[in-house]
>>> print(open('work_8.tsv').read())   # TSV, N, CA and C atoms
chain	number	residue	atom	x	y	z
A	17	MET	N	-27.40	-14.50	27.26
A	17	MET	CA	-28.26	-14.21	26.14
A	17	MET	C	-27.72	-13.02	25.39
A	18	SER	N	-27.92	-13.03	24.08
A	18	SER	CA	-27.51	-11.89	23.29
A	18	SER	C	-28.71	-11.38	22.51
A	19	ARG	N	-28.71	-10.09	22.27
A	19	ARG	CA	-29.81	-9.48	21.53
A	19	ARG	C	-29.57	-9.67	20.03
A	20	ALA	N	-30.63	-9.88	19.29
A	20	ALA	CA	-30.52	-10.11	17.86
A	20	ALA	C	-30.04	-8.87	17.12
A	21	HIS	N	-30.38	-7.70	17.64
A	21	HIS	CA	-30.02	-6.45	16.96
A	21	HIS	C	-29.06	-5.64	17.82
A	22	SER	N	-27.98	-6.23	18.21
A	22	SER	CA	-26.98	-5.55	19.02
A	22	SER	C	-26.38	-4.38	18.26
A	23	LYS	N	-26.15	-3.27	18.95
A	23	LYS	CA	-25.57	-2.10	18.31
A	23	LYS	C	-24.05	-2.13	18.34
A	24	ALA	N	-23.47	-3.10	19.01
A	24	ALA	CA	-22.02	-3.20	19.05
A	24	ALA	C	-21.52	-3.61	17.67
A	25	PRO	N	-20.51	-2.90	17.15
A	25	PRO	CA	-19.99	-3.25	15.82
A	25	PRO	C	-19.28	-4.60	15.84
A	26	LYS	N	-19.39	-5.31	14.74
A	26	LYS	CA	-18.70	-6.59	14.62
A	26	LYS	C	-17.21	-6.32	14.41
A	27	PRO	N	-16.34	-7.17	14.94
A	27	PRO	CA	-14.90	-6.99	14.68
A	27	PRO	C	-14.64	-7.05	13.18
A	28	ALA	N	-13.75	-6.22	12.70
A	28	ALA	CA	-13.43	-6.18	11.27
A	28	ALA	C	-11.92	-6.06	11.09
A	29	SER	N	-11.47	-6.53	9.93
A	29	SER	CA	-10.06	-6.38	9.59
A	29	SER	C	-9.95	-6.01	8.11
A	30	LEU	N	-8.89	-5.32	7.79
A	30	LEU	CA	-8.61	-4.91	6.42
A	30	LEU	C	-7.25	-5.48	6.03
A	31	ARG	N	-7.21	-6.20	4.91
A	31	ARG	CA	-5.95	-6.75	4.42
A	31	ARG	C	-5.60	-6.04	3.13
A	32	GLU	N	-4.34	-5.66	3.00
A	32	GLU	CA	-3.87	-5.04	1.76
A	32	GLU	C	-2.74	-5.87	1.19
A	33	VAL	N	-2.74	-5.99	-0.12
A	33	VAL	CA	-1.69	-6.70	-0.84
A	33	VAL	C	-1.17	-5.74	-1.91
A	34	VAL	N	0.12	-5.43	-1.85
A	34	VAL	CA	0.73	-4.50	-2.79
A	34	VAL	C	1.76	-5.26	-3.63
A	35	THR	N	1.57	-5.19	-4.95
A	35	THR	CA	2.46	-5.82	-5.90
A	35	THR	C	3.09	-4.74	-6.77
A	36	ILE	N	4.40	-4.79	-6.95
A	36	ILE	CA	5.08	-3.85	-7.83
A	36	ILE	C	4.90	-4.34	-9.27
A	37	LEU	N	4.29	-3.50	-10.12
A	37	LEU	CA	4.03	-3.86	-11.50
A	37	LEU	C	5.23	-3.56	-12.40
A	38	GLU	N	5.87	-2.44	-12.14
A	38	GLU	CA	7.10	-2.09	-12.86
A	38	GLU	C	7.84	-1.04	-12.05
A	39	GLN	N	9.13	-0.89	-12.35
A	39	GLN	CA	9.95	0.05	-11.60
A	39	GLN	C	11.19	0.42	-12.40
A	40	SER	N	11.88	1.46	-11.94
A	40	SER	CA	13.11	1.84	-12.62
A	40	SER	C	14.12	0.70	-12.49
A	41	SER	N	14.95	0.56	-13.51
A	41	SER	CA	15.83	-0.61	-13.62
A	41	SER	C	16.91	-0.67	-12.54
A	42	ASP	N	17.24	0.46	-11.92
A	42	ASP	CA	18.31	0.43	-10.92
A	42	ASP	C	17.82	0.12	-9.51
A	43	LEU	N	16.54	-0.14	-9.35
A	43	LEU	CA	16.03	-0.52	-8.03
A	43	LEU	C	16.03	-2.04	-7.89
A	44	PRO	N	16.31	-2.53	-6.69
A	44	PRO	CA	16.27	-3.98	-6.49
A	44	PRO	C	14.82	-4.48	-6.52
A	45	PRO	N	14.62	-5.75	-6.86
A	45	PRO	CA	13.26	-6.30	-6.88
A	45	PRO	C	12.59	-6.14	-5.51
A	46	THR	N	11.30	-5.92	-5.54
A	46	THR	CA	10.55	-5.74	-4.30
A	46	THR	C	9.54	-6.88	-4.17
A	47	PRO	N	9.57	-7.60	-3.05
A	47	PRO	CA	8.60	-8.69	-2.87
A	47	PRO	C	7.19	-8.12	-2.65
A	48	VAL	N	6.20	-8.98	-2.84
A	48	VAL	CA	4.82	-8.59	-2.56
A	48	VAL	C	4.71	-8.23	-1.08
A	49	PHE	N	4.05	-7.11	-0.80
A	49	PHE	CA	3.85	-6.64	0.57
A	49	PHE	C	2.42	-6.97	0.97
A	50	GLU	N	2.25	-7.62	2.12
A	50	GLU	CA	0.90	-7.96	2.59
A	50	GLU	C	0.83	-7.72	4.09
A	51	VAL	N	-0.25	-7.07	4.51
A	51	VAL	CA	-0.46	-6.81	5.93
A	51	VAL	C	-1.97	-6.79	6.21
A	52	THR	N	-2.34	-7.27	7.38
A	52	THR	CA	-3.74	-7.22	7.83
A	52	THR	C	-3.78	-6.40	9.11
A	53	GLN	N	-4.75	-5.48	9.16
A	53	GLN	CA	-4.88	-4.61	10.33
A	53	GLN	C	-6.32	-4.63	10.82
A	54	LYS	N	-6.49	-4.46	12.10
A	54	LYS	CA	-7.83	-4.40	12.69
A	54	LYS	C	-8.45	-3.03	12.42
A	55	VAL	N	-9.76	-3.05	12.19
A	55	VAL	CA	-10.53	-1.82	12.05
A	55	VAL	C	-10.98	-1.43	13.46
A	56	VAL	N	-10.62	-0.23	13.91
A	56	VAL	CA	-10.96	0.25	15.24
A	56	VAL	C	-11.76	1.54	15.09
A	57	ASN	N	-12.96	1.54	15.61
A	57	ASN	CA	-13.85	2.70	15.50
A	57	ASN	C	-14.03	3.14	14.05
A	58	GLY	N	-14.11	2.16	13.14
A	58	GLY	CA	-14.32	2.44	11.73
A	58	GLY	C	-13.10	2.96	11.01
A	59	GLN	N	-11.92	2.90	11.62
A	59	GLN	CA	-10.71	3.44	11.01
A	59	GLN	C	-9.58	2.42	11.03
A	60	VAL	N	-8.70	2.54	10.03
A	60	VAL	CA	-7.49	1.72	9.95
A	60	VAL	C	-6.33	2.66	9.73
A	61	GLY	N	-5.28	2.49	10.52
A	61	GLY	CA	-4.08	3.30	10.33
A	61	GLY	C	-3.14	2.59	9.37
A	62	ASP	N	-2.51	3.36	8.48
A	62	ASP	CA	-1.62	2.75	7.50
A	62	ASP	C	-0.49	3.72	7.19
A	63	ILE	N	0.63	3.53	7.84
A	63	ILE	CA	1.79	4.39	7.59
A	63	ILE	C	2.90	3.49	7.06
A	64	GLN	N	3.40	3.83	5.89
A	64	GLN	CA	4.50	3.07	5.29
A	64	GLN	C	5.60	4.05	4.93
A	65	VAL	N	6.81	3.65	5.18
A	65	VAL	CA	7.96	4.46	4.82
A	65	VAL	C	8.52	3.90	3.52
A	66	MET	N	8.66	4.77	2.54
A	66	MET	CA	9.18	4.33	1.24
A	66	MET	C	10.43	5.13	0.94
A	67	GLY	N	11.42	4.48	0.40
A	67	GLY	CA	12.65	5.17	0.06
A	67	GLY	C	13.69	4.18	-0.40
A	68	TYR	N	14.93	4.49	-0.15
A	68	TYR	CA	16.02	3.62	-0.54
A	68	TYR	C	17.11	3.71	0.52
A	69	ASP	N	18.01	2.73	0.49
A	69	ASP	CA	19.07	2.63	1.49
A	69	ASP	C	20.33	3.32	0.97
A	70	GLU	N	20.83	4.30	1.70
A	70	GLU	CA	22.03	5.03	1.30
A	70	GLU	C	23.31	4.44	1.89
A	71	ASP	N	23.22	3.35	2.62
A	71	ASP	CA	24.42	2.80	3.28
A	71	ASP	C	25.55	2.49	2.31
A	72	GLY	N	25.24	2.05	1.10
A	72	GLY	CA	26.28	1.69	0.14
A	72	GLY	C	26.80	2.86	-0.67
A	73	ILE	N	26.30	4.07	-0.42
A	73	ILE	CA	26.71	5.25	-1.18
A	73	ILE	C	27.66	6.08	-0.33
A	74	PRO	N	28.86	6.38	-0.85
A	74	PRO	CA	29.80	7.20	-0.07
A	74	PRO	C	29.17	8.54	0.34
A	75	GLU	N	29.47	8.99	1.54
A	75	GLU	CA	28.89	10.21	2.11
A	75	GLU	C	28.95	11.40	1.13
A	76	GLY	N	30.07	11.58	0.45
A	76	GLY	CA	30.25	12.71	-0.45
A	76	GLY	C	29.38	12.65	-1.70
A	77	GLU	N	28.83	11.48	-2.04
A	77	GLU	CA	28.02	11.31	-3.24
A	77	GLU	C	26.52	11.30	-2.95
A	78	ARG	N	26.14	11.33	-1.70
A	78	ARG	CA	24.73	11.18	-1.34
A	78	ARG	C	23.86	12.34	-1.82
A	79	ALA	N	24.34	13.58	-1.71
A	79	ALA	CA	23.54	14.74	-2.15
A	79	ALA	C	23.25	14.66	-3.65
A	80	GLN	N	24.27	14.29	-4.43
A	80	GLN	CA	24.09	14.16	-5.88
A	80	GLN	C	23.11	13.02	-6.18
A	81	MET	N	23.23	11.92	-5.46
A	81	MET	CA	22.34	10.78	-5.65
A	81	MET	C	20.90	11.16	-5.34
A	82	ARG	N	20.69	11.93	-4.28
A	82	ARG	CA	19.33	12.36	-3.93
A	82	ARG	C	18.71	13.20	-5.05
A	83	THR	N	19.49	14.10	-5.63
A	83	THR	CA	18.99	14.94	-6.73
A	83	THR	C	18.62	14.08	-7.93
A	84	LYS	N	19.48	13.14	-8.30
A	84	LYS	CA	19.21	12.25	-9.42
A	84	LYS	C	17.99	11.36	-9.15
A	85	SER	N	17.83	10.96	-7.92
A	85	SER	CA	16.76	10.04	-7.55
A	85	SER	C	15.38	10.64	-7.71
A	86	LEU	N	15.27	11.97	-7.66
A	86	LEU	CA	13.95	12.60	-7.77
A	86	LEU	C	13.26	12.23	-9.08
A	87	THR	N	14.00	12.05	-10.14
A	87	THR	CA	13.39	11.70	-11.42
A	87	THR	C	13.70	10.26	-11.85
A	88	ARG	N	14.79	9.71	-11.38
A	88	ARG	CA	15.24	8.41	-11.87
A	88	ARG	C	14.58	7.23	-11.16
A	89	MET	N	14.34	7.32	-9.87
A	89	MET	CA	13.83	6.19	-9.10
A	89	MET	C	12.31	6.26	-8.97
A	90	TRP	N	11.63	5.20	-9.40
A	90	TRP	CA	10.17	5.16	-9.33
A	90	TRP	C	9.69	3.70	-9.30
A	91	ARG	N	8.48	3.54	-8.82
A	91	ARG	CA	7.80	2.24	-8.82
A	91	ARG	C	6.33	2.46	-9.13
A	92	ARG	N	5.74	1.55	-9.90
A	92	ARG	CA	4.29	1.55	-10.14
A	92	ARG	C	3.73	0.33	-9.45
A	93	ALA	N	2.75	0.53	-8.60
A	93	ALA	CA	2.24	-0.54	-7.75
A	93	ALA	C	0.73	-0.75	-7.93
A	94	ARG	N	0.30	-1.95	-7.60
A	94	ARG	CA	-1.13	-2.30	-7.56
A	94	ARG	C	-1.43	-2.71	-6.13
A	95	GLN	N	-2.41	-2.05	-5.52
A	95	GLN	CA	-2.80	-2.33	-4.14
A	95	GLN	C	-4.22	-2.87	-4.14
A	96	GLU	N	-4.38	-4.06	-3.59
A	96	GLU	CA	-5.71	-4.68	-3.47
A	96	GLU	C	-6.12	-4.64	-2.01
A	97	LEU	N	-7.39	-4.29	-1.77
A	97	LEU	CA	-7.91	-4.19	-0.40
A	97	LEU	C	-9.01	-5.22	-0.19
A	98	TYR	N	-8.90	-5.96	0.91
A	98	TYR	CA	-9.84	-7.04	1.24
A	98	TYR	C	-10.40	-6.79	2.63
A	99	LEU	N	-11.67	-7.09	2.83
A	99	LEU	CA	-12.32	-6.91	4.13
A	99	LEU	C	-12.65	-8.27	4.73
A	100	ASN	N	-12.28	-8.46	5.99
A	100	ASN	CA	-12.67	-9.63	6.78
A	100	ASN	C	-12.39	-10.98	6.11
A	101	GLY	N	-11.22	-11.18	5.60
A	101	GLY	CA	-10.85	-12.47	5.04
A	101	GLY	C	-11.44	-12.80	3.69
A	102	ALA	N	-12.04	-11.83	3.02
A	102	ALA	CA	-12.61	-12.07	1.70
A	102	ALA	C	-11.51	-12.52	0.73
A	103	THR	N	-11.88	-13.28	-0.28
A	103	THR	CA	-10.91	-13.75	-1.26
A	103	THR	C	-10.86	-12.85	-2.50
A	104	GLU	N	-11.83	-11.97	-2.65
A	104	GLU	CA	-11.85	-11.01	-3.75
A	104	GLU	C	-11.71	-9.61	-3.16
A	105	PRO	N	-10.87	-8.75	-3.76
A	105	PRO	CA	-10.71	-7.39	-3.23
A	105	PRO	C	-11.97	-6.56	-3.46
A	106	PHE	N	-12.27	-5.67	-2.52
A	106	PHE	CA	-13.39	-4.75	-2.72
A	106	PHE	C	-12.93	-3.48	-3.44
A	107	ALA	N	-11.62	-3.24	-3.47
A	107	ALA	CA	-11.08	-2.08	-4.17
A	107	ALA	C	-9.66	-2.38	-4.65
A	108	VAL	N	-9.31	-1.75	-5.77
A	108	VAL	CA	-7.97	-1.88	-6.34
A	108	VAL	C	-7.48	-0.47	-6.67
A	109	ILE	N	-6.27	-0.17	-6.21
A	109	ILE	CA	-5.67	1.14	-6.44
A	109	ILE	C	-4.32	0.94	-7.12
A	110	GLU	N	-4.09	1.66	-8.21
A	110	GLU	CA	-2.77	1.65	-8.84
A	110	GLU	C	-2.14	3.01	-8.59
A	111	TRP	N	-0.88	3.01	-8.18
A	111	TRP	CA	-0.20	4.25	-7.87
A	111	TRP	C	1.25	4.20	-8.26
A	112	LYS	N	1.82	5.38	-8.42
A	112	LYS	CA	3.24	5.51	-8.76
A	112	LYS	C	3.93	6.24	-7.63
A	113	HIS	N	5.02	5.66	-7.19
A	113	HIS	CA	5.81	6.23	-6.09
A	113	HIS	C	7.13	6.71	-6.65
A	114	THR	N	7.46	7.97	-6.41
A	114	THR	CA	8.77	8.53	-6.74
A	114	THR	C	9.34	9.12	-5.46
A	115	MET	N	10.56	9.59	-5.52
A	115	MET	CA	11.15	10.22	-4.35
A	115	MET	C	10.46	11.55	-4.03
A	116	ALA	N	9.74	12.11	-4.98
A	116	ALA	CA	9.05	13.38	-4.77
A	116	ALA	C	7.62	13.20	-4.24
A	117	GLY	N	7.06	12.00	-4.35
A	117	GLY	CA	5.71	11.80	-3.85
A	117	GLY	C	5.05	10.55	-4.39
A	118	VAL	N	3.75	10.43	-4.09
A	118	VAL	CA	2.94	9.30	-4.53
A	118	VAL	C	1.77	9.86	-5.33
A	119	GLU	N	1.54	9.28	-6.51
A	119	GLU	CA	0.46	9.71	-7.38
A	119	GLU	C	-0.48	8.54	-7.62
A	120	ILE	N	-1.78	8.73	-7.40
A	120	ILE	CA	-2.76	7.68	-7.67
A	120	ILE	C	-3.07	7.71	-9.16
A	121	LEU	N	-2.85	6.58	-9.83
A	121	LEU	CA	-3.08	6.48	-11.27
A	121	LEU	C	-4.49	6.00	-11.58
A	122	ALA	N	-5.03	5.11	-10.76
A	122	ALA	CA	-6.37	4.57	-10.97
A	122	ALA	C	-6.88	4.01	-9.64
A	123	ALA	N	-8.17	4.13	-9.44
A	123	ALA	CA	-8.80	3.55	-8.25
A	123	ALA	C	-10.17	3.05	-8.65
A	124	LYS	N	-10.47	1.81	-8.28
A	124	LYS	CA	-11.77	1.26	-8.66
A	124	LYS	C	-12.31	0.37	-7.55
A	125	GLN	N	-13.59	0.53	-7.30
A	125	GLN	CA	-14.27	-0.34	-6.35
A	125	GLN	C	-14.78	-1.54	-7.14
A	126	THR	N	-14.38	-2.73	-6.75
A	126	THR	CA	-14.77	-3.92	-7.49
A	126	THR	C	-16.15	-4.41	-7.09
A	127	HIS	N	-16.51	-4.22	-5.83
A	127	HIS	CA	-17.85	-4.54	-5.33
A	127	HIS	C	-17.97	-3.93	-3.94
A	128	HIS	N	-19.17	-3.91	-3.41
A	128	HIS	CA	-19.39	-3.38	-2.07
A	128	HIS	C	-18.75	-4.32	-1.07
A	129	PRO	N	-17.99	-3.79	-0.06
A	129	PRO	CA	-17.28	-4.67	0.87
A	129	PRO	C	-18.16	-5.66	1.62
A	130	GLY	N	-19.44	-5.40	1.77
A	130	GLY	CA	-20.32	-6.31	2.48
A	130	GLY	C	-20.77	-7.47	1.63
A	131	GLN	N	-20.52	-7.41	0.32
A	131	GLN	CA	-20.94	-8.47	-0.61
A	131	GLN	C	-19.81	-9.45	-0.84
A	132	ARG	N	-20.13	-10.62	-1.28
A	132	ARG	CA	-19.09	-11.61	-1.61
A	132	ARG	C	-19.21	-12.00	-3.04
>>> encode(input="work_8.tsv", output="structure tokens")
Amino acid sequence: MSRAHSKAPKPASLREVVTILEQSSDLPPTPVFEVTQKVVNGQVGDIQVMGYDEDGIPEGERAQMRTKSLTRMWRRARQELYLNGATEPFAVIEWKHTMAGVEILAAKQTHHPGQR
């Protein structure tokens, strides 16, 4: 038997879909990034490493490339957040990523995550 008003939280998951809207011309195309993570104790961990591959750059040119990259390399992204398999995002965040950091350009809640 189960109680109608159980205090145990229901299992939840958060799905994010990140699409690159525009970027500096010297960066290779970036595919849509999508990942779903479990919500544990009301929290979701999200660590992403962003950067570029220096393997094709001669060792002696890497320091100069890093300096140029601070202003030259950038991406503008749209991140949609979905809760528990929903088909409509509950939030949309637009951000710009440069080698110096990440800046949030816009953030909007589209509806309450418990609503459909």
>>> atom_distance(input="work_8.tsv", atom1="atom CA of Ala79 of chain A", atom2="atom CA of Met115 of chain A")
13.4 Å
>>> atom_distance(input="work_8.tsv", atom1="atom CA of Ala123 of chain A", atom2="atom CA of Val34 of chain A")
13.6 Å
>>> select_by_dssp(input="work_8.tsv", residues="chain A", states="strand (DSSP E)", output="MDAnalysis selection string")
chainID A and resid 28:39 49:55 90:99 107:114 117:125
>>> write_last_selection(input="work_8.tsv", atoms="N, CA and C atoms", output="CSV table (one decimal), in the frame of the given file")
chain,number,residue,atom,x,y,z
A,28,ALA,N,-13.8,-6.2,12.7
A,28,ALA,CA,-13.4,-6.2,11.3
A,28,ALA,C,-11.9,-6.1,11.1
A,29,SER,N,-11.5,-6.5,9.9
A,29,SER,CA,-10.1,-6.4,9.6
A,29,SER,C,-10.0,-6.0,8.1
A,30,LEU,N,-8.9,-5.3,7.8
A,30,LEU,CA,-8.6,-4.9,6.4
A,30,LEU,C,-7.2,-5.5,6.0
A,31,ARG,N,-7.2,-6.2,4.9
A,31,ARG,CA,-6.0,-6.8,4.4
A,31,ARG,C,-5.6,-6.0,3.1
A,32,GLU,N,-4.3,-5.7,3.0
A,32,GLU,CA,-3.9,-5.0,1.8
A,32,GLU,C,-2.7,-5.9,1.2
A,33,VAL,N,-2.7,-6.0,-0.1
A,33,VAL,CA,-1.7,-6.7,-0.8
A,33,VAL,C,-1.2,-5.7,-1.9
A,34,VAL,N,0.1,-5.4,-1.8
A,34,VAL,CA,0.7,-4.5,-2.8
A,34,VAL,C,1.8,-5.3,-3.6
A,35,THR,N,1.6,-5.2,-5.0
A,35,THR,CA,2.5,-5.8,-5.9
A,35,THR,C,3.1,-4.7,-6.8
A,36,ILE,N,4.4,-4.8,-7.0
A,36,ILE,CA,5.1,-3.8,-7.8
A,36,ILE,C,4.9,-4.3,-9.3
A,37,LEU,N,4.3,-3.5,-10.1
A,37,LEU,CA,4.0,-3.9,-11.5
A,37,LEU,C,5.2,-3.6,-12.4
A,38,GLU,N,5.9,-2.4,-12.1
A,38,GLU,CA,7.1,-2.1,-12.9
A,38,GLU,C,7.8,-1.0,-12.0
A,39,GLN,N,9.1,-0.9,-12.4
A,39,GLN,CA,10.0,0.0,-11.6
A,39,GLN,C,11.2,0.4,-12.4
A,49,PHE,N,4.0,-7.1,-0.8
A,49,PHE,CA,3.8,-6.6,0.6
A,49,PHE,C,2.4,-7.0,1.0
A,50,GLU,N,2.2,-7.6,2.1
A,50,GLU,CA,0.9,-8.0,2.6
A,50,GLU,C,0.8,-7.7,4.1
A,51,VAL,N,-0.2,-7.1,4.5
A,51,VAL,CA,-0.5,-6.8,5.9
A,51,VAL,C,-2.0,-6.8,6.2
A,52,THR,N,-2.3,-7.3,7.4
A,52,THR,CA,-3.7,-7.2,7.8
A,52,THR,C,-3.8,-6.4,9.1
A,53,GLN,N,-4.8,-5.5,9.2
A,53,GLN,CA,-4.9,-4.6,10.3
A,53,GLN,C,-6.3,-4.6,10.8
A,54,LYS,N,-6.5,-4.5,12.1
A,54,LYS,CA,-7.8,-4.4,12.7
A,54,LYS,C,-8.4,-3.0,12.4
A,55,VAL,N,-9.8,-3.0,12.2
A,55,VAL,CA,-10.5,-1.8,12.0
A,55,VAL,C,-11.0,-1.4,13.5
A,90,TRP,N,11.6,5.2,-9.4
A,90,TRP,CA,10.2,5.2,-9.3
A,90,TRP,C,9.7,3.7,-9.3
A,91,ARG,N,8.5,3.5,-8.8
A,91,ARG,CA,7.8,2.2,-8.8
A,91,ARG,C,6.3,2.5,-9.1
A,92,ARG,N,5.7,1.6,-9.9
A,92,ARG,CA,4.3,1.6,-10.1
A,92,ARG,C,3.7,0.3,-9.4
A,93,ALA,N,2.8,0.5,-8.6
A,93,ALA,CA,2.2,-0.5,-7.8
A,93,ALA,C,0.7,-0.8,-7.9
A,94,ARG,N,0.3,-2.0,-7.6
A,94,ARG,CA,-1.1,-2.3,-7.6
A,94,ARG,C,-1.4,-2.7,-6.1
A,95,GLN,N,-2.4,-2.0,-5.5
A,95,GLN,CA,-2.8,-2.3,-4.1
A,95,GLN,C,-4.2,-2.9,-4.1
A,96,GLU,N,-4.4,-4.1,-3.6
A,96,GLU,CA,-5.7,-4.7,-3.5
A,96,GLU,C,-6.1,-4.6,-2.0
A,97,LEU,N,-7.4,-4.3,-1.8
A,97,LEU,CA,-7.9,-4.2,-0.4
A,97,LEU,C,-9.0,-5.2,-0.2
A,98,TYR,N,-8.9,-6.0,0.9
A,98,TYR,CA,-9.8,-7.0,1.2
A,98,TYR,C,-10.4,-6.8,2.6
A,99,LEU,N,-11.7,-7.1,2.8
A,99,LEU,CA,-12.3,-6.9,4.1
A,99,LEU,C,-12.6,-8.3,4.7
A,107,ALA,N,-11.6,-3.2,-3.5
A,107,ALA,CA,-11.1,-2.1,-4.2
A,107,ALA,C,-9.7,-2.4,-4.6
A,108,VAL,N,-9.3,-1.8,-5.8
A,108,VAL,CA,-8.0,-1.9,-6.3
A,108,VAL,C,-7.5,-0.5,-6.7
A,109,ILE,N,-6.3,-0.2,-6.2
A,109,ILE,CA,-5.7,1.1,-6.4
A,109,ILE,C,-4.3,0.9,-7.1
A,110,GLU,N,-4.1,1.7,-8.2
A,110,GLU,CA,-2.8,1.6,-8.8
A,110,GLU,C,-2.1,3.0,-8.6
A,111,TRP,N,-0.9,3.0,-8.2
A,111,TRP,CA,-0.2,4.2,-7.9
A,111,TRP,C,1.2,4.2,-8.3
A,112,LYS,N,1.8,5.4,-8.4
A,112,LYS,CA,3.2,5.5,-8.8
A,112,LYS,C,3.9,6.2,-7.6
A,113,HIS,N,5.0,5.7,-7.2
A,113,HIS,CA,5.8,6.2,-6.1
A,113,HIS,C,7.1,6.7,-6.6
A,114,THR,N,7.5,8.0,-6.4
A,114,THR,CA,8.8,8.5,-6.7
A,114,THR,C,9.3,9.1,-5.5
A,117,GLY,N,7.1,12.0,-4.4
A,117,GLY,CA,5.7,11.8,-3.8
A,117,GLY,C,5.0,10.6,-4.4
A,118,VAL,N,3.8,10.4,-4.1
A,118,VAL,CA,2.9,9.3,-4.5
A,118,VAL,C,1.8,9.9,-5.3
A,119,GLU,N,1.5,9.3,-6.5
A,119,GLU,CA,0.5,9.7,-7.4
A,119,GLU,C,-0.5,8.5,-7.6
A,120,ILE,N,-1.8,8.7,-7.4
A,120,ILE,CA,-2.8,7.7,-7.7
A,120,ILE,C,-3.1,7.7,-9.2
A,121,LEU,N,-2.8,6.6,-9.8
A,121,LEU,CA,-3.1,6.5,-11.3
A,121,LEU,C,-4.5,6.0,-11.6
A,122,ALA,N,-5.0,5.1,-10.8
A,122,ALA,CA,-6.4,4.6,-11.0
A,122,ALA,C,-6.9,4.0,-9.6
A,123,ALA,N,-8.2,4.1,-9.4
A,123,ALA,CA,-8.8,3.6,-8.2
A,123,ALA,C,-10.2,3.0,-8.6
A,124,LYS,N,-10.5,1.8,-8.3
A,124,LYS,CA,-11.8,1.3,-8.7
A,124,LYS,C,-12.3,0.4,-7.6
A,125,GLN,N,-13.6,0.5,-7.3
A,125,GLN,CA,-14.3,-0.3,-6.4
A,125,GLN,C,-14.8,-1.5,-7.1
>>> residues_around(input="work_8.tsv", residues="Val55 of chain A", least_positions_apart="4", cutoff="8 Å", atoms="all atoms listed in the file", output="PyMOL selection string")
chain A and resi 26-30+59-61
>>> residues_around(input="work_8.tsv", residues="segment 94-101 of chain A", least_positions_apart="6", cutoff="7 Å", atoms="only N, CA and C atoms", output="list in words")
Ala28, Ser29, Leu30, Arg31, Glu32, Val33, Val34, Thr35, Ile36, Leu37, Ala107, Val108, Ile109, Glu110, Trp111 and Pro129 of chain A
>>> axis_aligned_box(input="work_8.tsv", around="segment 37-53 of chain A", padding_each_side="4 Å", output="lines of an AutoDock Vina configuration file")
center_x = 6.0
center_y = -3.6
center_z = -1.4
size_x = 32.6
size_y = 18.8
size_z = 32.4
>>> atom_distance(input="work_8.tsv", atom1="atom CA of Thr126 of chain A", atom2="atom CA of Glu50 of chain A")
19.1 Å
>>> select_by_dssp(input="work_8.tsv", residues="chain A", states="helix (DSSP H, G or I)", output="list in words")
Glu75, Gly76, Glu77, Arg78, Ala79, Gln80, Met81, Arg82, Thr83, Lys84, Ser85, Leu86, Thr87 and Arg88 of chain A
>>> closest_residue(input="work_8.tsv", among="A:Lys124, A:Pro47, A:Lys112, A:Lys54", to="Arg92 of chain A", atoms="only C-alpha atoms")
A:Lys112
>>> residues_around(input="work_8.tsv", residues="Pro44 of chain A", least_positions_apart="2", cutoff="12 Å", atoms="only C-alpha atoms", output="ChimeraX atom specification")
/A:36,38-42,46-47,67-69,89-91
